[in-house]
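Pasted below: entry_5.cif, mmCIF, C-alpha atoms and all ligand atoms.
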```cif
data_run
loop_
_atom_site.label_atom_id
_atom_site.label_comp_id
_atom_site.auth_asym_id
_atom_site.auth_seq_id
_atom_site.Cartn_x
_atom_site.Cartn_y
_atom_site.Cartn_z
CA MET A 1 -1.84 31.22 10.19
CA ASN A 2 -4.35 29.82 7.73
CA PHE A 3 -7.80 28.85 8.79
CA GLU A 4 -10.58 27.60 6.62
CA PHE A 5 -13.95 26.16 7.49
CA SER A 6 -14.44 22.50 6.53
CA GLU A 7 -17.39 21.34 4.42
CA GLU A 8 -18.84 19.80 7.56
CA GLN A 9 -18.54 23.04 9.54
CA LEU A 10 -20.18 25.02 6.75
CA ALA A 11 -23.01 22.49 6.60
CA ILE A 12 -23.56 22.75 10.36
CA ARG A 13 -23.54 26.56 10.11
CA ASP A 14 -26.06 26.59 7.26
CA THR A 15 -28.38 24.22 9.09
CA ILE A 16 -28.24 26.39 12.21
CA ARG A 17 -28.75 29.55 10.16
CA GLU A 18 -31.93 28.17 8.61
CA LEU A 19 -33.29 26.84 11.90
CA VAL A 20 -32.54 30.09 13.72
CA GLN A 21 -34.09 32.33 11.08
CA GLU A 22 -37.21 30.15 11.01
CA ARG A 23 -37.70 29.33 14.66
CA VAL A 24 -35.60 31.63 16.88
CA ALA A 25 -35.72 35.03 15.16
CA PRO A 26 -39.53 35.31 15.42
CA ARG A 27 -39.30 34.68 19.19
CA ALA A 28 -36.42 37.05 20.02
CA ALA A 29 -38.38 40.21 20.87
CA GLU A 30 -40.83 38.30 23.05
CA ILE A 31 -38.05 36.47 24.92
CA ASP A 32 -36.47 39.85 25.71
CA GLU A 33 -39.71 41.54 26.67
CA LYS A 34 -40.93 38.77 28.97
CA ALA A 35 -37.42 38.03 30.29
CA GLU A 36 -38.35 34.37 30.13
CA TYR A 37 -35.96 31.50 29.51
CA PRO A 38 -36.93 29.92 26.17
CA ALA A 39 -37.12 26.26 27.19
CA ASP A 40 -38.69 25.52 23.79
CA ILE A 41 -35.54 26.77 22.07
CA GLN A 42 -33.36 24.65 24.34
CA ARG A 43 -35.44 21.62 23.23
CA LEU A 44 -35.15 22.70 19.59
CA PHE A 45 -31.35 22.91 19.95
CA ALA A 46 -31.21 19.53 21.69
CA GLU A 47 -33.35 17.85 19.02
CA ASN A 48 -31.22 19.29 16.22
CA GLY A 49 -27.86 18.33 17.70
CA ILE A 50 -26.79 21.90 18.48
CA LEU A 51 -26.13 21.04 22.13
CA ALA A 52 -23.94 18.15 20.90
CA ILE A 53 -21.53 20.53 19.13
CA PRO A 54 -19.22 21.13 22.14
CA PHE A 55 -18.54 17.38 22.46
CA PRO A 56 -16.39 15.04 20.34
CA GLU A 57 -18.06 11.90 18.98
CA ALA A 58 -16.26 9.73 21.55
CA TYR A 59 -18.34 11.42 24.25
CA GLY A 60 -21.68 11.39 22.46
CA GLY A 61 -21.24 14.65 20.56
CA ILE A 62 -20.80 15.73 16.95
CA SER A 63 -17.78 18.04 16.97
CA GLY A 64 -15.87 19.39 19.98
CA SER A 65 -14.31 22.07 17.78
CA SER A 66 -14.14 25.62 19.08
CA VAL A 67 -14.49 26.91 15.50
CA THR A 68 -17.79 25.03 15.10
CA ILE A 69 -19.01 26.20 18.52
CA CYS A 70 -18.24 29.82 17.52
CA MET A 71 -20.02 29.41 14.18
CA GLY A 72 -23.11 28.16 16.01
CA ILE A 73 -23.02 30.91 18.64
CA GLU A 74 -22.56 33.62 15.97
CA GLU A 75 -25.51 32.38 13.92
CA ILE A 76 -27.82 32.21 16.93
CA ALA A 77 -26.68 35.61 18.28
CA ARG A 78 -27.49 37.30 14.96
CA ALA A 79 -31.13 36.73 15.87
CA CYS A 80 -31.22 36.32 19.66
CA ALA A 81 -28.31 36.83 22.05
CA SER A 82 -30.21 35.18 24.93
CA SER A 83 -30.67 32.00 22.90
CA SER A 84 -27.01 31.98 21.87
CA LEU A 85 -26.10 31.59 25.55
CA ILE A 86 -27.84 28.20 25.56
CA LEU A 87 -24.99 26.91 23.40
CA ALA A 88 -22.25 29.20 24.76
CA VAL A 89 -22.72 28.36 28.45
CA HIS A 90 -23.28 24.68 27.73
CA ALA A 91 -19.89 24.79 25.97
CA LEU A 92 -18.32 26.65 28.91
CA GLY A 93 -19.39 23.89 31.31
CA ALA A 94 -18.37 21.23 28.77
CA TYR A 95 -14.89 22.69 28.33
CA ALA A 96 -14.17 22.14 32.03
CA VAL A 97 -14.95 18.42 31.82
CA LEU A 98 -13.30 17.94 28.43
CA PHE A 99 -10.19 19.90 29.42
CA ALA A 100 -9.64 18.61 32.94
CA GLY A 101 -11.73 15.46 33.29
CA SER A 102 -10.38 11.92 33.36
CA GLU A 103 -11.47 9.49 30.65
CA GLU A 104 -13.93 7.96 33.13
CA GLN A 105 -15.39 11.39 33.96
CA LYS A 106 -15.73 12.39 30.30
CA LYS A 107 -17.45 9.10 29.43
CA ARG A 108 -19.83 9.40 32.38
CA ILE A 109 -20.61 13.14 32.41
CA CYS A 110 -20.58 14.20 28.73
CA PRO A 111 -23.13 11.97 26.89
CA PRO A 112 -26.22 13.25 28.79
CA LEU A 113 -25.00 16.80 28.15
CA ALA A 114 -24.36 16.13 24.47
CA SER A 115 -27.85 14.70 24.01
CA GLY A 116 -29.27 17.90 25.46
CA ASN A 117 -31.00 16.00 28.27
CA ARG A 118 -28.97 18.04 30.73
CA LEU A 119 -27.66 21.59 30.50
CA ALA A 120 -24.22 22.55 31.86
CA ALA A 121 -23.15 25.74 33.64
CA TYR A 122 -20.01 27.12 35.29
CA ALA A 123 -19.81 28.75 38.73
CA LEU A 124 -16.70 30.82 39.46
CA SER A 125 -17.69 34.39 40.50
CA GLU A 126 -18.81 35.26 44.01
CA PRO A 127 -20.31 38.38 45.60
CA GLY A 128 -16.83 39.48 46.71
CA SER A 129 -14.73 37.94 43.94
CA GLY A 130 -15.31 38.83 40.30
CA SER A 131 -12.17 39.93 38.45
CA ASP A 132 -10.08 38.64 41.36
CA ALA A 133 -11.34 35.12 40.89
CA ALA A 134 -8.74 33.55 43.20
CA ALA A 135 -10.22 35.46 46.18
CA MET A 136 -13.21 33.11 46.32
CA LYS A 137 -14.57 32.09 49.75
CA THR A 138 -16.65 29.04 48.85
CA ARG A 139 -15.19 26.09 50.74
CA ALA A 140 -14.95 22.42 49.81
CA ARG A 141 -14.04 20.19 52.79
CA ARG A 142 -13.02 16.61 52.21
CA LEU A 143 -15.05 14.08 54.21
CA GLY A 144 -14.14 10.50 53.30
CA ASP A 145 -15.28 9.84 49.73
CA GLU A 146 -17.02 13.17 49.44
CA TYR A 147 -16.45 16.91 49.47
CA VAL A 148 -18.84 19.18 51.35
CA ILE A 149 -19.34 22.53 49.63
CA SER A 150 -20.51 25.71 51.37
CA GLY A 151 -20.67 29.23 49.99
CA THR A 152 -22.34 31.59 47.55
CA LYS A 153 -21.78 32.04 43.82
CA GLN A 154 -22.85 35.20 42.02
CA PHE A 155 -23.92 36.01 38.43
CA ILE A 156 -24.08 32.37 37.39
CA THR A 157 -25.50 32.19 33.90
CA HIS A 158 -28.04 29.31 33.81
CA GLY A 159 -27.20 28.35 37.41
CA SER A 160 -30.94 28.10 38.05
CA ILE A 161 -31.73 25.80 35.13
CA ALA A 162 -28.59 23.71 34.62
CA GLU A 163 -28.55 20.13 35.85
CA THR A 164 -24.75 19.88 35.77
CA LEU A 165 -22.71 22.64 37.39
CA VAL A 166 -18.94 23.05 37.52
CA VAL A 167 -18.14 24.74 40.82
CA PHE A 168 -14.81 26.14 41.97
CA ALA A 169 -14.14 26.13 45.71
CA GLN A 170 -11.28 26.44 48.17
CA THR A 171 -10.02 23.17 49.53
CA ASP A 172 -7.10 24.80 51.37
CA PRO A 173 -7.57 28.53 52.04
CA GLU A 174 -3.96 28.89 53.29
CA ALA A 175 -2.67 27.90 49.84
CA GLY A 176 -4.36 30.77 47.95
CA HIS A 177 -4.93 30.01 44.27
CA ARG A 178 -3.09 26.70 44.71
CA GLY A 179 -5.74 25.59 47.21
CA ILE A 180 -8.76 25.65 44.89
CA GLY A 181 -10.58 22.61 43.49
CA ALA A 182 -12.99 22.14 40.57
CA PHE A 183 -16.08 19.99 41.15
CA VAL A 184 -18.90 18.73 38.95
CA LEU A 185 -22.21 18.91 40.77
CA GLU A 186 -25.16 16.95 39.47
CA ARG A 187 -28.34 18.51 40.69
CA GLU A 188 -30.17 15.34 41.82
CA GLN A 189 -27.21 14.13 43.85
CA SER A 190 -25.77 17.49 45.00
CA PRO A 191 -28.63 20.02 45.01
CA TRP A 192 -27.86 23.72 45.29
CA GLN A 193 -30.24 26.57 46.06
CA VAL A 194 -31.19 29.46 43.83
CA ALA A 195 -31.25 32.54 46.07
CA LYS A 196 -31.96 35.18 43.43
CA ILE A 197 -32.51 35.72 39.71
CA GLU A 198 -31.11 39.05 38.51
CA HIS A 199 -33.09 41.66 36.54
CA LYS A 200 -30.81 42.73 33.72
CA LEU A 201 -30.28 45.36 31.02
CA GLY A 202 -29.82 42.76 28.28
CA ILE A 203 -29.69 39.00 27.62
CA ARG A 204 -32.97 39.05 29.51
CA GLY A 205 -34.04 35.58 28.38
CA SER A 206 -30.97 34.00 29.93
CA PRO A 207 -31.35 33.55 33.70
CA THR A 208 -28.45 34.83 35.81
CA ALA A 209 -28.59 33.42 39.32
CA GLN A 210 -27.12 33.78 42.75
CA LEU A 211 -26.56 30.27 44.04
CA VAL A 212 -26.19 29.15 47.63
CA PHE A 213 -24.43 25.94 48.66
CA GLU A 214 -25.26 24.77 52.16
CA GLU A 215 -23.19 21.73 53.01
CA VAL A 216 -23.71 20.28 49.53
CA ARG A 217 -22.17 16.82 49.27
CA VAL A 218 -20.27 15.94 46.11
CA PRO A 219 -18.62 12.57 45.48
CA ALA A 220 -14.82 12.89 45.36
CA ARG A 221 -14.89 11.15 41.98
CA ASN A 222 -16.49 14.36 40.63
CA ARG A 223 -13.42 16.47 41.35
CA LEU A 224 -11.78 17.56 38.09
CA GLY A 225 -7.98 17.39 37.96
CA GLY A 226 -5.69 17.06 40.93
CA ASP A 227 -5.91 18.61 44.38
CA GLY A 228 -5.38 22.38 44.13
CA GLN A 229 -5.56 22.54 40.33
CA GLY A 230 -8.99 24.18 40.21
CA PHE A 231 -7.84 27.76 39.61
CA LYS A 232 -5.69 26.84 36.64
CA ILE A 233 -8.56 24.78 35.26
CA ALA A 234 -10.90 27.77 35.67
CA LEU A 235 -8.54 30.05 33.72
CA ALA A 236 -7.74 27.47 31.07
CA VAL A 237 -11.48 26.94 30.51
CA LEU A 238 -12.04 30.69 30.14
CA ASP A 239 -9.22 30.81 27.57
CA ARG A 240 -11.11 28.25 25.52
CA SER A 241 -14.51 29.81 26.00
CA ARG A 242 -13.68 33.49 25.36
CA PRO A 243 -13.64 33.15 21.55
CA GLY A 244 -17.29 32.09 21.97
CA ILE A 245 -18.12 35.41 23.65
CA GLY A 246 -16.32 37.09 20.76
CA ALA A 247 -18.54 35.08 18.39
CA GLN A 248 -21.62 36.12 20.32
CA ALA A 249 -20.59 39.79 20.05
CA LEU A 250 -19.93 39.29 16.35
CA GLY A 251 -23.37 37.78 15.81
CA ILE A 252 -25.11 40.59 17.70
CA ALA A 253 -23.22 43.21 15.64
CA GLN A 254 -23.97 41.42 12.35
CA GLY A 255 -27.66 41.17 13.24
CA ALA A 256 -27.89 44.90 13.99
CA PHE A 257 -25.86 45.78 10.89
CA ASP A 258 -28.08 43.69 8.58
CA TYR A 259 -31.20 45.27 10.01
CA ALA A 260 -29.88 48.85 9.76
CA LEU A 261 -28.65 48.31 6.19
CA ALA A 262 -32.07 47.12 5.02
CA TYR A 263 -33.80 49.89 6.98
CA THR A 264 -31.74 52.75 5.55
CA ARG A 265 -32.37 51.53 2.00
CA GLU A 266 -36.11 51.87 2.63
CA ARG A 267 -36.30 54.88 4.92
CA GLN A 268 -36.99 58.03 2.91
CA GLN A 269 -36.02 61.52 4.09
CA PHE A 270 -35.47 64.64 1.99
CA GLY A 271 -36.98 62.73 -0.93
CA GLN A 272 -34.46 59.88 -1.00
CA ALA A 273 -33.41 56.72 0.85
CA ILE A 274 -31.18 57.74 3.75
CA ALA A 275 -28.65 55.09 2.59
CA SER A 276 -27.88 57.45 -0.30
CA PHE A 277 -26.29 59.98 2.10
CA GLN A 278 -22.53 59.79 2.45
CA GLY A 279 -22.73 60.29 6.23
CA ILE A 280 -24.67 57.01 6.47
CA GLN A 281 -22.51 55.23 3.90
CA TRP A 282 -19.30 55.98 5.78
CA MET A 283 -20.81 54.64 8.97
CA PHE A 284 -21.64 51.39 7.15
CA ALA A 285 -18.15 51.24 5.65
CA ASP A 286 -16.61 51.59 9.13
CA MET A 287 -18.98 49.03 10.64
CA ALA A 288 -18.40 46.46 7.88
CA THR A 289 -14.63 46.86 8.30
CA GLN A 290 -14.82 46.45 12.08
CA ILE A 291 -17.08 43.40 11.79
CA ALA A 292 -14.76 41.77 9.24
CA ALA A 293 -11.71 42.43 11.46
CA ALA A 294 -13.48 40.97 14.51
CA ARG A 295 -14.54 37.91 12.53
CA GLN A 296 -10.93 37.19 11.55
CA LEU A 297 -9.76 37.52 15.14
CA VAL A 298 -12.57 35.39 16.60
CA TYR A 299 -11.99 32.51 14.18
CA LEU A 300 -8.23 32.81 14.52
CA ALA A 301 -8.64 32.45 18.31
CA ALA A 302 -11.03 29.52 17.90
CA THR A 303 -8.57 27.85 15.51
CA LYS A 304 -5.81 28.32 18.06
CA VAL A 305 -7.98 26.66 20.69
CA ASP A 306 -8.59 23.71 18.35
CA GLN A 307 -4.89 23.47 17.55
CA LYS A 308 -3.85 23.92 21.21
CA ALA A 309 -1.55 26.74 20.07
CA PRO A 310 0.84 28.08 22.73
CA ASP A 311 -0.49 31.65 22.38
CA LEU A 312 -4.18 30.75 22.63
CA THR A 313 -4.60 32.61 25.96
CA ARG A 314 -3.52 35.91 24.44
CA VAL A 315 -5.40 35.58 21.16
CA ALA A 316 -8.60 34.44 22.90
CA ALA A 317 -8.45 37.53 25.14
CA MET A 318 -7.80 39.75 22.09
CA ALA A 319 -10.77 38.26 20.22
CA LYS A 320 -13.14 38.78 23.15
CA LEU A 321 -11.85 42.32 23.77
CA PHE A 322 -11.97 43.45 20.15
CA ALA A 323 -15.24 41.80 19.15
CA SER A 324 -17.16 43.00 22.21
CA ASP A 325 -15.97 46.62 21.91
CA MET A 326 -16.81 46.44 18.21
CA ALA A 327 -20.30 45.10 18.97
CA MET A 328 -21.01 47.89 21.45
CA LYS A 329 -19.94 50.52 18.91
CA VAL A 330 -21.74 48.93 15.95
CA THR A 331 -25.02 48.37 17.78
CA THR A 332 -24.95 51.93 19.17
CA ASP A 333 -24.38 53.26 15.65
CA CYS A 334 -27.21 51.09 14.31
CA VAL A 335 -29.59 52.61 16.87
CA GLN A 336 -28.43 56.02 15.62
CA MET A 337 -29.13 55.02 12.00
CA LEU A 338 -32.74 54.28 12.89
CA GLY A 339 -33.12 57.58 14.75
CA GLY A 340 -36.19 57.63 17.02
CA TYR A 341 -37.22 54.20 15.71
CA GLY A 342 -33.90 52.83 16.89
CA TYR A 343 -34.78 53.75 20.44
CA ILE A 344 -38.09 51.93 20.70
CA GLN A 345 -38.86 48.28 21.22
CA ASP A 346 -40.80 47.88 17.96
CA TYR A 347 -37.41 47.58 16.24
CA PRO A 348 -34.72 45.06 17.25
CA VAL A 349 -31.61 47.25 17.36
CA GLU A 350 -32.15 48.69 20.85
CA ARG A 351 -32.36 45.10 22.17
CA MET A 352 -29.16 44.27 20.33
CA MET A 353 -27.44 47.32 21.83
CA ARG A 354 -28.53 46.27 25.33
CA ASP A 355 -27.44 42.68 24.65
CA ALA A 356 -24.02 43.78 23.34
CA LYS A 357 -23.06 45.45 26.64
CA ILE A 358 -22.61 42.25 28.61
CA THR A 359 -20.04 40.92 26.13
CA GLN A 360 -17.66 43.62 27.41
CA ILE A 361 -18.21 42.38 30.96
CA TYR A 362 -18.68 38.64 31.34
CA GLU A 363 -16.05 35.90 30.99
CA GLY A 364 -13.68 38.59 32.28
CA THR A 365 -14.20 42.32 31.86
CA ASN A 366 -12.37 43.88 28.94
CA GLN A 367 -10.01 45.49 31.45
CA ILE A 368 -9.09 41.96 32.59
CA GLN A 369 -8.58 40.89 28.95
CA LYS A 370 -6.01 43.71 28.67
CA VAL A 371 -4.28 42.43 31.82
CA VAL A 372 -4.16 38.94 30.30
CA ILE A 373 -2.81 40.25 26.96
CA ALA A 374 -0.20 42.52 28.56
CA ARG A 375 1.01 39.81 30.96
CA SER A 376 1.50 37.41 28.08
CA LEU A 377 3.53 40.04 26.20
CA LEU A 378 5.75 40.87 29.16
CA ARG A 379 6.27 37.34 30.47
N1 LIG B 401 -4.35 29.08 32.16
C1 LIG B 401 -3.87 28.28 33.13
N2 LIG B 401 -3.19 28.74 34.21
C2 LIG B 401 -3.01 30.07 34.30
C3 LIG B 401 -3.50 30.96 33.33
C4 LIG B 401 -4.19 30.42 32.22
N3 LIG B 401 -4.66 31.19 31.25
N4 LIG B 401 -3.17 32.22 33.67
C5 LIG B 401 -2.51 32.13 34.84
N5 LIG B 401 -2.41 30.83 35.21
C6 LIG B 401 -1.77 30.28 36.42
C7 LIG B 401 -0.43 30.98 36.70
O1 LIG B 401 0.62 30.31 36.06
C8 LIG B 401 -0.35 30.87 38.21
O2 LIG B 401 0.10 29.59 38.59
P1 LIG B 401 1.44 29.36 39.48
O3 LIG B 401 1.34 30.30 40.64
O4 LIG B 401 1.38 27.92 39.85
O5 LIG B 401 2.56 29.71 38.57
C9 LIG B 401 -1.79 30.96 38.66
O6 LIG B 401 -2.61 30.62 37.54
C10 LIG B 401 -2.18 32.33 39.14
O7 LIG B 401 -1.88 33.24 38.11
P2 LIG B 401 -1.91 34.80 38.34
O8 LIG B 401 -1.02 35.14 39.47
O9 LIG B 401 -1.69 35.45 37.02
O10 LIG B 401 -3.43 35.01 38.81
P3 LIG B 401 -4.20 36.29 39.31
O11 LIG B 401 -4.82 36.01 40.61
O12 LIG B 401 -3.33 37.50 39.18
O13 LIG B 401 -5.45 36.38 38.28
C11 LIG B 401 -6.57 36.91 36.27
C12 LIG B 401 -5.31 36.34 36.93
C13 LIG B 401 -6.24 36.86 34.78
C14 LIG B 401 -6.88 38.33 36.67
C15 LIG B 401 -7.79 35.98 36.55
O14 LIG B 401 -8.18 36.07 37.91
C16 LIG B 401 -8.99 36.27 35.68
O15 LIG B 401 -9.02 35.83 34.52
N6 LIG B 401 -10.00 36.99 36.22
C17 LIG B 401 -11.25 37.18 35.52
C18 LIG B 401 -12.22 36.10 35.93
C19 LIG B 401 -13.29 35.89 34.91
O16 LIG B 401 -13.04 35.90 33.72
N7 LIG B 401 -14.50 35.66 35.40
C20 LIG B 401 -15.59 35.36 34.53
C21 LIG B 401 -16.57 34.49 35.22
S1 LIG B 401 -17.31 33.28 34.18
C22 LIG B 401 -18.50 34.05 33.30
O17 LIG B 401 -18.58 35.24 33.21
C23 LIG B 401 -19.38 33.12 32.55
C24 LIG B 401 -20.71 33.63 32.17
O18 LIG B 401 -21.47 34.14 32.95
C25 LIG B 401 -21.13 33.45 30.78
#
```

Could you rewrite the structure in this file as structure tokens?
Ligand code: CAA
Amino acid sequence: MNFEFSEEQLAIRDTIRELVQERVAPRAAEIDEKAEYPADIQRLFAENGILAIPFPEAYGGISGSSVTICMGIEEIARACASSSLILAVHALGAYAVLFAGSEEQKKRICPPLASGNRLAAYALSEPGSGSDAAAMKTRARRLGDEYVISGTKQFITHGSIAETLVVFAQTDPEAGHRGIGAFVLEREQSPWQVAKIEHKLGIRGSPTAQLVFEEVRVPARNRLGGDGQGFKIALAVLDRSRPGIGAQALGIAQGAFDYALAYTRERQQFGQAIASFQGIQWMFADMATQIAAARQLVYLAATKVDQKAPDLTRVAAMAKLFASDMAMKVTTDCVQMLGGYGYIQDYPVERMMRDAKITQIYEGTNQIQKVVIARSLLR
């Protein structure tokens, strides 16, 4: 399969690269240290059209292409993984509406998201249901023209700051995964409560929330897809979003690699730059090869999403699996390259190593990616 970036995609990437290096990179260490959501960077992304990337022009956006979303996420993650989630999770929420929404829903819900006036998020996991997503307990009861949602969602990235939240809930517990609905909650109309913000190892500038829904009323017109189609929508959305986590992992790895390469050219030991030692050179050769391989897989998966290829589920899972394992290995090796300096917060690679870890866990653990890949092979 051939895939090439268009002139327009390259122009978007270059614009983001410049903006990120100028405005995001200098903030990255502070965002991590203070564990504070960078609302200023969200505004910067909104003003520069970055939050419009997940949406086609017909719905107020500028692209809608998974390849372009991945290019944006990769560029941002090279400097700041927390900030890259502003685009990645916005796209995750957007995918649900774009994939499963009616024309009326897309026209109504997407433009305020594309303008960056509202941020989207996606609420699937629960305290007792992570990998086994179909075991959710959150209930949605139909009451006339509304649904009433009750339950608790766990580990919801941006659940505390998003204004638009896609929530999955059981409408018919007897029907198992065929009794789950997908609902778009708009905070003003259907307010949810933030019970807890987690303290995390990495991506510390991206709030991860436990959300509580106490009889939250949602208009029936905000249900995505048909009755009982919510679980399939949830999985189909993850298929489309997982290349973005691969792109995030790729960006984190590239950022750490670039830093370590420059560092080892300068760092003198035994009277020479440590980059002159073969032990270091072979590590760089391995890392560059792994990064290049991951990049091919991530953009192949994103291309398959854009082309609605029949094997997109498998390739998206492969991209997320490979790129996140690669990022963990590369960032760990970059810390090693810097020795004691790699282990302290004055240098960015320890942050990048901490940030890389989550890419092996969220949007489905890598063990779940292997289940998805194997099932698609054996079907
Ligand atoms: N797309 C659409 N439908 C799909 C599908 C897909 N990729 N995969 C399966 N289905 C359908 C099946 O056809 C089946 O439908 P029928 O019964 O009508 O035929 C139905 O879904 C159930 O399929 P399975 O029996 O395979 O489902 P399962 O219960 O065994 O679970 C799973 C499958 C792959 C393990 C799934 O539960 C899963 O992906 N778990 C991981 C969840 C996850 O990724 N969570 C991440 C949370 S979001 C997040 O992390 C975001 C963030 O913070 C940034």

Residues of chain A at most 7 Å from ligand LIG 401 (chain B): nearest atom pair and distance in Å, all atoms listed in the file, as JSON lines:
```
{"residue": "A:Val89", "atom": "CA", "partner": "B:LIG401", "partner_atom": "C25", "distance": 5.8}
{"residue": "A:Tyr122", "atom": "CA", "partner": "B:LIG401", "partner_atom": "C23", "distance": 6.6}
{"residue": "A:Ala123", "atom": "CA", "partner": "B:LIG401", "partner_atom": "S1", "distance": 6.9}
{"residue": "A:Leu124", "atom": "CA", "partner": "B:LIG401", "partner_atom": "C21", "distance": 5.6}
{"residue": "A:Ser125", "atom": "CA", "partner": "B:LIG401", "partner_atom": "C21", "distance": 5.4}
{"residue": "A:Gly130", "atom": "CA", "partner": "B:LIG401", "partner_atom": "N7", "distance": 5.9}
{"residue": "A:Ser131", "atom": "CA", "partner": "B:LIG401", "partner_atom": "C17", "distance": 4.1}
{"residue": "A:Asp132", "atom": "CA", "partner": "B:LIG401", "partner_atom": "O14", "distance": 4.7}
{"residue": "A:Ala133", "atom": "CA", "partner": "B:LIG401", "partner_atom": "O14", "distance": 4.4}
{"residue": "A:Ala134", "atom": "CA", "partner": "B:LIG401", "partner_atom": "O11", "distance": 5.3}
{"residue": "A:Phe155", "atom": "CA", "partner": "B:LIG401", "partner_atom": "O18", "distance": 6.3}
{"residue": "A:Ile156", "atom": "CA", "partner": "B:LIG401", "partner_atom": "O18", "distance": 5.4}
{"residue": "A:Thr157", "atom": "CA", "partner": "B:LIG401", "partner_atom": "O18", "distance": 4.6}
{"residue": "A:His177", "atom": "CA", "partner": "B:LIG401", "partner_atom": "C10", "distance": 6.3}
{"residue": "A:Arg178", "atom": "CA", "partner": "B:LIG401", "partner_atom": "O4", "distance": 6.7}
{"residue": "A:Phe231", "atom": "CA", "partner": "B:LIG401", "partner_atom": "O6", "distance": 6.3}
{"residue": "A:Lys232", "atom": "CA", "partner": "B:LIG401", "partner_atom": "N2", "distance": 4.0}
{"residue": "A:Ile233", "atom": "CA", "partner": "B:LIG401", "partner_atom": "C1", "distance": 6.2}
{"residue": "A:Leu235", "atom": "CA", "partner": "B:LIG401", "partner_atom": "N1", "distance": 4.6}
{"residue": "A:Ala236", "atom": "CA", "partner": "B:LIG401", "partner_atom": "N1", "distance": 3.9}
{"residue": "A:Leu238", "atom": "CA", "partner": "B:LIG401", "partner_atom": "O16", "distance": 6.4}
{"residue": "A:Asp239", "atom": "CA", "partner": "B:LIG401", "partner_atom": "N3", "distance": 5.9}
{"residue": "A:Thr313", "atom": "CA", "partner": "B:LIG401", "partner_atom": "N3", "distance": 5.5}
{"residue": "A:Tyr362", "atom": "CA", "partner": "B:LIG401", "partner_atom": "O17", "distance": 3.9}
{"residue": "A:Glu363", "atom": "CA", "partner": "B:LIG401", "partner_atom": "O17", "distance": 3.4}
{"residue": "A:Gly364", "atom": "CA", "partner": "B:LIG401", "partner_atom": "O16", "distance": 3.1}
{"residue": "A:Thr365", "atom": "CA", "partner": "B:LIG401", "partner_atom": "O16", "distance": 6.8}
{"residue": "A:Ile368", "atom": "CA", "partner": "B:LIG401", "partner_atom": "C14", "distance": 5.9}
{"residue": "A:Val371", "atom": "CA", "partner": "B:LIG401", "partner_atom": "C13", "distance": 6.6}
{"residue": "A:Val372", "atom": "CA", "partner": "B:LIG401", "partner_atom": "C13", "distance": 5.4}
```

Quiz prompt | Exercise: segment 261-269 of chain A partners within 9 Å, only C-alpha atoms, chain neighbours under 6 positions left out, as number ranges by chain | solution = A: 275-276, 280, 284, 334, 337-338

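We find atom CA of Glu47 of chain A and atom CA of Gln189 of chain A to be spaced 25.8 Å apart.
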
How close does segment 7-34 of chain A get to segment 347-357 of chain A? List, as CSV, each residue of segment 7-34 of chain A within 9 Å, its nearest atom pair and the distance in Å to one decimal, counting all atoms listed in the file.
```
residue,atom,partner,partner_atom,distance
A:Ala28,CA,A:Pro348,CA,8.6
A:Ala29,CA,A:Pro348,CA,7.1
A:Asp32,CA,A:Arg351,CA,7.5
```

Self-check item: Closest of A:Arg17, A:Lys304, A:Arg142, A:Lys106 to Met71 of chain A - atom-to-atom distances counting all atoms listed in the file
Solution: A:Arg17

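Straight-line separation from atom CA of Ala39 of chain A to atom CA of Gln210 of chain A: 20.0 Å.
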